[in-house]
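Structure record follows, encoded as structure tokens.
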Amino acid sequence: MITQQPNRLKPFFENISFDRDDNNMVLNLGPQHPSAHGQLRLILELSGERIVKVTPDIGYMHRGVEKMAENMIYNEFLPVTDRMDYIAATSNNYGFALAVEKLIGLEVPRRAKVIRMLLLELNRISSHLFWLATHALDIGAMTVFLYAYREREYAMDLIEAYCGARLTHSSIRIGGVPLDLPDGWLENLSTYLDKLPEAFATYEGLLDENRIWRMRLENVGVLSAKSAQSWGASGVMLRGSGIAWDIRKEEPYELYDEVEFDVPVSDTCDCYGRYKLYMEEMRQCVRILRQVITMYKDTKPEIMAHAPEYISAPKEQIMTQNYSLMQHFVLVTQGMKPPKGELYVATESPKGELGYYINSQGEAYPYRVKIRTPSFWHCSLFQEIMLDSYLADAIAMIASSNILLGETDR
């Protein structure tokens, strides 16, 4: 008598065909912090110490951020963007705010643009320092981790002095910024920028010619220009493969077309080349910030756009004028209603191209929100760059890609 087996769901790994011989071993790398840089799981097939197949498995941090966006009014969703790439929260805030501003045809005051650029580039330095610290720690360089975190703390102090938060900033608003710069803030920023070149030289003095560092990174994680384009790489992962593409240069937003900076490129295509790019990018951030500081003094004090249909009036008017109070009440309780339409807006986040797609049907809630995060695309690269490499190099490649699972899973 034949008995029918009950139906059951198969585990994820049982649906994967490895076509392996009996001598190969399947190893789960992750999902755990910190070696996998978040809740990333890589299913590796090993022949001895060499990797012969890689299957990335994501979704362990999935929170339904895009669906949350479709059930919130536009202003209500903006703080949620902090929770994607929480190492560069300002970049997430700004990308969404810029997309909504393009949707409603809003022009932001110049002073707000200056403040935004100051926050964006300062946040970029903070994000790159975090990457350098954790990357060095993954390879075994404990001293660099401590030094880089020291300078990152100063950057976070400056951001906290502006918006009151160190990690999840919510420092941007649709239509401008919530606050003007506090007294003495620019002077403190200038002092910080004066110290950074010496700090960068210290990091490079510890790493550049360190034979262990170079042996662990050179010719590891090689990604050709053709493969980088095929896999949808962006940011340093793309520029590290010899392609000079930076959205701040190619499709300038805010005041990036008014400042001078270079787009560093490396043709080594390996982890070491990407490390050198991150160091040079931080120097370019310092260069940009010094130029933007001088722009601030020549701007008018307006920090929010004037658009009563979409943006609340200043607090002084809300407290003194009945119409402004009513308008503010409607916007807070019912939300703005952008016109019907759809658009995609891309910005250059510290990790690569961060884009927001919004479909509006003229209601207070967006019909569809889709977020293009660089870490999601870079996770797929491991299927190629890890092949025929040693297991110990897998951690170096994960670190070099600068992925963050908060924005990968969303």
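Just so we're on the same page: first chain in the structure tokens is A, next is B, and so on; residues restart at 1 for each chain, and ligands are numbered from 1 in the order they show up.
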
Please identify which residues in range 102-345 of chain A DSSP calls strand (DSSP E or B) from the backbone, and express them as a VMD selection string.
chain A and resid 173 176 304 341 to 345

List the spatial neighbours of Asn210 in chain A as a PyMOL selection string - criterion: any atom at most 12 Å away, only C-alpha atoms, same-chain residues fewer than 6 positions off excluded.
chain A and resi 136+139-141+203-204+216-218+272

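With only C-alpha atoms as the atoms that count, the minimum distance from Asp57 in chain A to the choices A:Tyr390, A:Phe376, A:Phe329, A:Tyr192 is reached by A:Phe376.
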
Residues within 9 Å of range 254-267 of chain A, please, as a PyMOL selection string. Count only C-alpha atoms; anything in the same chain fewer than 5 positions from it doesn't count.
chain A and resi 108+110+113-114+116-117+224-225+236+238-246+248-249+273-274+276-278+280-281+284-285+287-288+291-292

How would you write, as a ChimeraX atom specification, the set of residues in range 130-347 of chain A that DSSP gives as helix (DSSP H, G or I)?
/A:130-139,142-163,185-207,211-217,225-230,236-239,247-250,256-258,271-296,315-320,322-334

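Minimum atom-to-atom distances from A:Asp157, A:Asp393, A:Glu363, A:Glu353 to Ser375 in chain A were compared using only C-alpha atoms, and the lowest value belongs to A:Glu353.
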